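K.L.:
Take this structure first; my questions come after.
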Amino acid sequence: MNNRKFTLGKFLVTFFVVGFSLICLYPFLMVVGGSLTTDAEAAAYGFSLIPKEPTLAAYKVLFSNRTMILNGYKVTLIVTVMGTIFSVLINSMMGYVLSRKNLRFRRFINFYVLLTMLFNGGLVPWYIVCTRYLLLKNNIWALIIPSLVSAWYIFLVRNYFSSIPDEMWESAKLDGAGEFTIFHRIYLALAKPVIATITLFAALGFWNDWWLGLMLVENSKLQPLQMLLRTIVANIQFLQTMGSKSAEAQALLASVPSDGVKMAMVIITTGPIILLYPFLQRYFIKGIMVGAVKG
Amino acid sequence: MKKMKSNLPKNRKANTRFKLFADLKNGWQLYAMALPAMILLFLFAYMPMGGLVIAFKKYNFRQGIWGSDWMDPLFKNFEILFKSNAMAMNAIKNTLFLNTLFIIVGTIFALVLALAFNELTNKHLKKVTQSLSFLPYFISTVVVGIFVSGLLSYENGTLNKLITSFGGEKVAFYMNASYWPLILLIVNVWKGAGYSSVIYLATLSGIDGSYYEAAQIDGATRWQQIWNISLPLLRPTVVVMTLLAVGRIMNADFGLFYNVTNDVPMLHSTTDVLDTYIFRALRQTGDIAISSATGFFQSVVSFILVIICNGLARRYEKDSALF
C-alpha cells in the first residue's frame, strides 16, 4: 500500500510521542544535575544535566541538618505505613459490604457514600471540625485520619467484588464462615489487582501529602517530608527577597547553594518514588483502567 | 375471610420486624465492617456539610459552629462577598476561565497523545514512552513548583539562560501575572496528560479490529481510519469525561495554584482561584465570615453543576455516569 506516505506520518507520531516523554523526563534530570551544580556554575550557565564540576555541597548542607530530614522521613514513613494499612482495610471492608446484595440497608449505605462524592462542606467547616471538634491539630493523627476514607476507593473495590460470583460467598457461608472471614480469606485474595491498586494510590497519596501538614500541623517536629521541602523553599525565598538588605542574610545566602539545596531536597523526598516507579507503574496503569470503567 | 384481611397488615408488619431482626442477627458483621468508614465519612464529610451553616453565623470559637449566633441580617456575609469584594470576584472568574482552558486543551492533548500511542508499532518504545508520560503524575505539586522555578527563575532559570544565550532580555516570570495562565496550562497538561490518555487508550484498545481491517480493504488511509473509526468511537468517553470535569469546574486544584505559583501575591490577578482565596481568607487573614460565605457559594454551585452534568452524562451514555 502507500507505505511512503506512512513513513512521514509514522515519523511525526514517533517524534511527538518521544518528544513529549522527554519533556516529561527533563525536569527530573534537571533537578539531578542542578543538585550537583555549584552556585557559580548555575549563575553562569544555568542548570545543566551534567554539571562541569559536580559538587556534593548541597547534600552536605542538608546532611548537616540531618536530624530535621531524618525526622521528616520518620513522620512520612509512619504516616504512609499506618495510613495505607488503615485506608486499604477500611475502604475494602466498606466495598465488600456494598457488594453484598442481601444486605437490608445496602442502598442507604451506598447513597451515604455516594453523596460525599457529589457534595462537600468545603474548606472552612472542614477545618473547624478537624481542629475544634476533633482536636486534630499538631498531632500525628491529623496527618492520617482525615484522608483515610475515599468514596472512590470504596466504589472501585465494590465493583470488583460485585463481579465475583455469588456462589463463592454461598459455599463459604455453608461451610459456616462469618462475613469477616469470607471477606479477608476469600474476597481479598480474589481481588488482588484492585487491592494492589488502591494500596499504591493510598501509599502515594500519603507519601506526597503536604495538604494536611499545611492545614493541621504547625509543630516543626511533625512536618512530613513534602512540608519540609516547602519550608526550605519558602525560607530560601524569604532570604532572597526580604533579607537582601541585611548583611547577615547576605552572608548566609552566599554560603548556601540555594537552588542546589532545593533540588537536592527534591531528590531526597522524591527519590524513593522514582526508584520504585519502574516496578509499580504497570499497577497504576491497570488500576486507572479498572477505575475508568465506573466510579 | 374478614379475619384474614384484617390480619394482613399486621402480619406484614411483624414480618418486616422479623426480617429486620434476622438481618441484624445475620448481618451484624457486615454492619460492623461498614462502621469505620461510616464514622469517618460522618466526621470528615457530613459534619462539614452541616457546618456550612457557618456562612450564616457570626462565628465565635468558644461557641463553635452550631452554637454561634446567627448573622443579622442572615445574608450579611454574602452581601459583603458579592457587593464589595473584587478579590473574590477575581477568584471566581479565574477559577472558571482556567478550568475551562484546562478541560479543553487537556482533553484535546490527551486524545492526541492516546491516538499517537495507539499508532506506535514498536512495543518497547510504546511501553517506555507511556511510562515516562506518566511520571509527572506521581510527584507532589511542591516538587512541580521547584521544577517550574528551576525553569523560570530570574537568576538561574533554564529558560532565562536560553533567552540570554540568544541575546534576548531576561524575563521576570514571577513578577508578571500575564504569563501565568499559559504557564499553568502547560504545567497542568504536562502533569495530567499521561494519566488521562490511559483512559482513552483503554477505549481504543477495546475497539473491534475488524473495523480497521474492513476500512483497509476499502483503501482507507491510516488518517482516514482515525478520523472515521477511532474518533467517533472515542466520542462517548470524551463526552462523559468532559461532563464529569465540567461538574467540578468550580473546584480548582489547590496544589497547582498554591505551590506552582509559590503563592506570589503579585501573580494573584491571574492565578488566584476560589480554593486559594478561601485558604488565604481562612488561614492568613482569619476572615471566617468571607471565607465561609465564599465556600458556601462554591459548594452549592458545585453540587448543582455535578447533578446537572451527571444527568447529562447519564442521558448520553447510560453506564458511564457517576450515579
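Numbering starts fresh at 1 for the residues of each chain in the C-alpha cells, the chains themselves are lettered A, B, ... in the order given, and ligands are numbered from 1 as they appear.
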Show me which bits of chain B are within 6 Å of chain A, counting only C-alpha atoms, as a list of chain:residue names.

P.N.:
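Filtering chain B at 6 Å from chain A with only C-alpha atoms gives B:Leu30, B:Met33, B:Ala34, B:Ala37, B:Pro48, B:Met49, B:Gly51, B:Leu52, B:Ala116, B:Thr129, B:Leu132, B:Ser133, B:Ser140, B:Phe147, B:Asn156, B:Thr158, B:Ser292, B:Gly295, B:Phe303, B:Leu322.
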
K.L.:
Go ahead and write the selection's residues with C-alpha atoms as a PDB file, in the first residue's frame.

P.N.:
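File written: out.pdb
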```
ATOM      1  CA  LEU B  30     -21.442  -6.621  57.768  1.00  0.00           C
ATOM      2  CA  MET B  33     -17.414  -3.812  58.834  1.00  0.00           C
ATOM      3  CA  ALA B  34     -19.151  -0.766  57.390  1.00  0.00           C
ATOM      4  CA  ALA B  37     -15.890   4.042  57.023  1.00  0.00           C
ATOM      5  CA  PRO B  48     -18.505  19.792  57.441  1.00  0.00           C
ATOM      6  CA  MET B  49     -21.676  19.649  55.307  1.00  0.00           C
ATOM      7  CA  GLY B  51     -21.023  23.092  59.155  1.00  0.00           C
ATOM      8  CA  LEU B  52     -21.966  25.015  56.022  1.00  0.00           C
ATOM      9  CA  ALA B 116      -0.332   8.614  18.942  1.00  0.00           C
ATOM     10  CA  THR B 129       7.232   6.390  26.386  1.00  0.00           C
ATOM     11  CA  LEU B 132       7.630   8.351  31.022  1.00  0.00           C
ATOM     12  CA  SER B 133       4.497  10.301  30.171  1.00  0.00           C
ATOM     13  CA  SER B 140       3.619  16.253  44.532  1.00  0.00           C
ATOM     14  CA  PHE B 147      10.711  22.202  38.670  1.00  0.00           C
ATOM     15  CA  ASN B 156      19.388  30.869  37.047  1.00  0.00           C
ATOM     16  CA  THR B 158      16.968  27.440  32.337  1.00  0.00           C
ATOM     17  CA  SER B 292     -17.203  30.652  54.768  1.00  0.00           C
ATOM     18  CA  GLY B 295     -17.002  28.359  50.465  1.00  0.00           C
ATOM     19  CA  PHE B 303     -23.315  20.466  43.784  1.00  0.00           C
ATOM     20  CA  LEU B 322     -21.306   8.649  38.382  1.00  0.00           C
TER      21      LEU B 322
END
```

K.L.:
Using only C-alpha atoms, which protein or nucleic acid residues come within 9 Å of Ile85 in chain A? Drop anything in the same chain fewer than 3 positions from it, and give the result as a list in words.

P.N.:
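My reading of the contact set: Thr80, Val81, Met82, Val88, Leu89, Ile90, Thr199, Ala202 and Ala203 of chain A.
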
K.L.:
What does the distance between CA of Thr242 in chain B and CA of Ala313 in chain B come to in Å, to one decimal place?

P.N.:
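Pair CA of Thr242 in chain B / CA of Ala313 in chain B returns 9.2 Å.
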
K.L.:
So that I can see what lies close to Leu305 in chain B, please list as a list in words the residues with an atom at most 7 Å from it, counting only C-alpha atoms and leaving out residues fewer than 4 positions away in the same chain.

P.N.:
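The residues that qualify are Gly247, Val301 and Cys309 of chain B.
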
K.L.:
Taking the DSSP secondary structure from the backbone, can you list the residues of range 39-140 of chain A that are helix (DSSP H, G or I), as a ChimeraX atom specification?

P.N.:
/A:39-45,57-64,66-99,106-118,123-133,140

K.L.:
Limited to C-alpha atoms, could you put the picked residues into a file as a CSV table (one decimal), in the first residue's frame?

P.N.:
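Result saved to result_5.csv:
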```
chain,number,residue,atom,x,y,z
A,39,ASP,CA,26.3,28.1,42.6
A,40,ALA,CA,28.9,29.8,40.4
A,41,GLU,CA,28.3,27.4,37.6
A,42,ALA,CA,24.5,27.8,38.0
A,43,ALA,CA,24.8,31.5,37.8
A,44,ALA,CA,27.0,31.4,34.7
A,45,TYR,CA,25.3,28.6,32.7
A,57,ALA,CA,27.9,20.8,48.6
A,58,ALA,CA,24.1,20.9,48.6
A,59,TYR,CA,23.9,17.4,50.0
A,60,LYS,CA,26.4,18.4,52.6
A,61,VAL,CA,24.3,21.3,53.7
A,62,LEU,CA,21.3,19.0,54.0
A,63,PHE,CA,23.4,16.4,55.8
A,64,SER,CA,24.4,19.0,58.4
A,66,ARG,CA,20.1,15.6,59.0
A,67,THR,CA,18.2,15.4,62.3
A,68,MET,CA,15.5,17.5,60.6
A,69,ILE,CA,15.4,15.4,57.5
A,70,LEU,CA,15.6,12.1,59.3
A,71,ASN,CA,12.7,13.3,61.4
A,72,GLY,CA,10.8,14.2,58.3
A,73,TYR,CA,11.4,10.7,56.9
A,74,LYS,CA,10.2,9.2,60.2
A,75,VAL,CA,7.0,11.2,60.1
A,76,THR,CA,6.3,10.5,56.5
A,77,LEU,CA,7.1,6.8,56.9
A,78,ILE,CA,4.8,6.4,59.9
A,79,VAL,CA,2.0,8.3,58.1
A,80,THR,CA,2.4,6.4,54.9
A,81,VAL,CA,2.5,2.9,56.5
A,82,MET,CA,-0.2,3.5,59.0
A,83,GLY,CA,-2.4,5.5,56.6
A,84,THR,CA,-2.1,2.9,53.8
A,85,ILE,CA,-2.9,-0.1,56.1
A,86,PHE,CA,-5.9,1.5,57.7
A,87,SER,CA,-7.1,3.1,54.4
A,88,VAL,CA,-7.0,-0.2,52.5
A,89,LEU,CA,-8.6,-2.1,55.3
A,90,ILE,CA,-11.4,0.4,56.0
A,91,ASN,CA,-12.2,1.1,52.3
A,92,SER,CA,-12.1,-2.5,51.2
A,93,MET,CA,-14.3,-3.6,54.1
A,94,MET,CA,-16.9,-1.0,53.0
A,95,GLY,CA,-16.5,-2.1,49.4
A,96,TYR,CA,-17.3,-5.6,50.5
A,97,VAL,CA,-20.3,-4.6,52.5
A,98,LEU,CA,-21.7,-2.7,49.5
A,99,SER,CA,-21.2,-5.7,47.2
A,106,ARG,CA,-27.3,-1.5,51.3
A,107,ARG,CA,-29.0,1.2,49.2
A,108,PHE,CA,-28.9,3.6,52.0
A,109,ILE,CA,-25.2,3.0,52.8
A,110,ASN,CA,-24.4,3.2,49.1
A,111,PHE,CA,-26.1,6.6,48.9
A,112,TYR,CA,-24.4,7.7,52.1
A,113,VAL,CA,-21.0,7.0,50.5
A,114,LEU,CA,-22.0,8.4,47.1
A,115,LEU,CA,-23.3,11.7,48.4
A,116,THR,CA,-19.8,12.6,49.8
A,117,MET,CA,-18.6,12.4,46.2
A,118,LEU,CA,-21.2,14.9,45.0
A,123,LEU,CA,-12.6,24.0,53.4
A,124,VAL,CA,-13.8,26.3,56.2
A,125,PRO,CA,-16.2,23.9,58.0
A,126,TRP,CA,-13.8,21.0,57.4
A,127,TYR,CA,-11.0,22.9,59.1
A,128,ILE,CA,-13.1,24.0,62.1
A,129,VAL,CA,-14.5,20.5,62.5
A,130,CYS,CA,-11.0,19.0,62.4
A,131,THR,CA,-9.3,21.5,64.7
A,132,ARG,CA,-12.1,22.5,67.2
A,133,TYR,CA,-14.2,19.4,67.5
A,140,ILE,CA,0.4,12.7,64.0
```

K.L.:
Calculate how many Å separate CA of Gly150 in chain B from CA of Asp253 in chain B, rounding to one decimal.

P.N.:
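Taking CA of Gly150 in chain B and CA of Asp253 in chain B, their separation equals 21.4 Å.
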
K.L.:
Record the distance separating CA of Leu233 in chain B and CA of Ile199 in chain B, expressed in Å with one decimal.

P.N.:
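Interatomic distance, CA of Leu233 in chain B to CA of Ile199 in chain B: 13.3 Å.
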
K.L.:
Considering only C-alpha atoms, can you say which of A:Ile232, A:Leu275, A:Lys101, A:Ile144 comes closest to Trp169 in chain A?

P.N.:
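Residue with the minimum atom-to-atom distance to Trp169 in chain A: A:Lys101.
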
K.L.:
Within 9 Å of range 289-291 of chain B, counting only C-alpha atoms, which residues qualify if same-chain residues fewer than 2 places away don't, as a ChimeraX atom specification?

P.N.:
/A:123-124 /B:54-59,76-78,80-81,88,277-282,286-287,293-296

K.L.:
Using only C-alpha atoms, which residues sit within 9 Å of Glu317 in chain B once same-chain residues fewer than 4 positions away are excluded, as a PDB file with N, CA and C atoms, in the first residue's frame?

P.N.:
```pdb
ATOM      1  N   PRO B 236     -18.105   8.926  22.990  1.00  0.00           N
ATOM      2  CA  PRO B 236     -18.824   8.783  24.271  1.00  0.00           C
ATOM      3  C   PRO B 236     -17.912   8.979  25.472  1.00  0.00           C
ATOM      4  N   THR B 237     -16.709   8.370  25.430  1.00  0.00           N
ATOM      5  CA  THR B 237     -15.772   8.527  26.547  1.00  0.00           C
ATOM      6  C   THR B 237     -15.403   9.991  26.732  1.00  0.00           C
ATOM      7  N   VAL B 239     -17.054  12.680  25.789  1.00  0.00           N
ATOM      8  CA  VAL B 239     -18.189  13.469  26.272  1.00  0.00           C
ATOM      9  C   VAL B 239     -18.376  13.260  27.770  1.00  0.00           C
ATOM     10  N   VAL B 240     -18.338  12.013  28.187  1.00  0.00           N
ATOM     11  CA  VAL B 240     -18.589  11.732  29.599  1.00  0.00           C
ATOM     12  C   VAL B 240     -17.470  12.292  30.479  1.00  0.00           C
ATOM     13  N   LEU B 312     -26.743  14.779  32.467  1.00  0.00           N
ATOM     14  CA  LEU B 312     -26.441  14.816  31.030  1.00  0.00           C
ATOM     15  C   LEU B 312     -25.617  13.599  30.621  1.00  0.00           C
ATOM     16  N   ALA B 313     -24.620  13.264  31.451  1.00  0.00           N
ATOM     17  CA  ALA B 313     -23.770  12.119  31.129  1.00  0.00           C
ATOM     18  C   ALA B 313     -24.598  10.844  31.078  1.00  0.00           C
ATOM     19  N   ALA B 321     -22.261   7.324  33.834  1.00  0.00           N
ATOM     20  CA  ALA B 321     -22.473   8.394  34.807  1.00  0.00           C
ATOM     21  C   ALA B 321     -22.013   7.944  36.189  1.00  0.00           C
TER      22      ALA B 321
END
```

K.L.:
Would you kindly return, as a list in words, each protein, DNA or RNA residue with an atom no farther than 7 Å from any atom of range 169-186 of chain B, considering only C-alpha atoms and excluding same-chain residues fewer than 6 positions away?

P.N.:
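Answer for this query is Leu98, Phe102, Leu152, Tyr154, Asn160, Ile163, Met266, Leu267, Ser269, Thr270 and Thr271 of chain B.
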
K.L.:
Would you mind exporting C-alpha atoms of the selected residues as an mmCIF file, in the first residue's frame?

P.N.:
```
data_model
loop_
_atom_site.group_PDB
_atom_site.id
_atom_site.type_symbol
_atom_site.label_atom_id
_atom_site.label_comp_id
_atom_site.auth_asym_id
_atom_site.auth_seq_id
_atom_site.Cartn_x
_atom_site.Cartn_y
_atom_site.Cartn_z
ATOM 1 C CA LEU B 98 -8.578 28.488 33.892
ATOM 2 C CA PHE B 102 -7.604 23.116 31.248
ATOM 3 C CA LEU B 152 11.631 30.092 35.051
ATOM 4 C CA TYR B 154 15.047 35.123 37.021
ATOM 5 C CA ASN B 160 16.132 32.699 31.003
ATOM 6 C CA ILE B 163 16.912 33.573 26.221
ATOM 7 C CA MET B 266 1.985 39.791 42.504
ATOM 8 C CA LEU B 267 0.551 36.960 40.422
ATOM 9 C CA SER B 269 -4.654 38.791 39.466
ATOM 10 C CA THR B 270 -4.455 35.822 37.091
ATOM 11 C CA THR B 271 -3.673 32.884 39.392
#
```
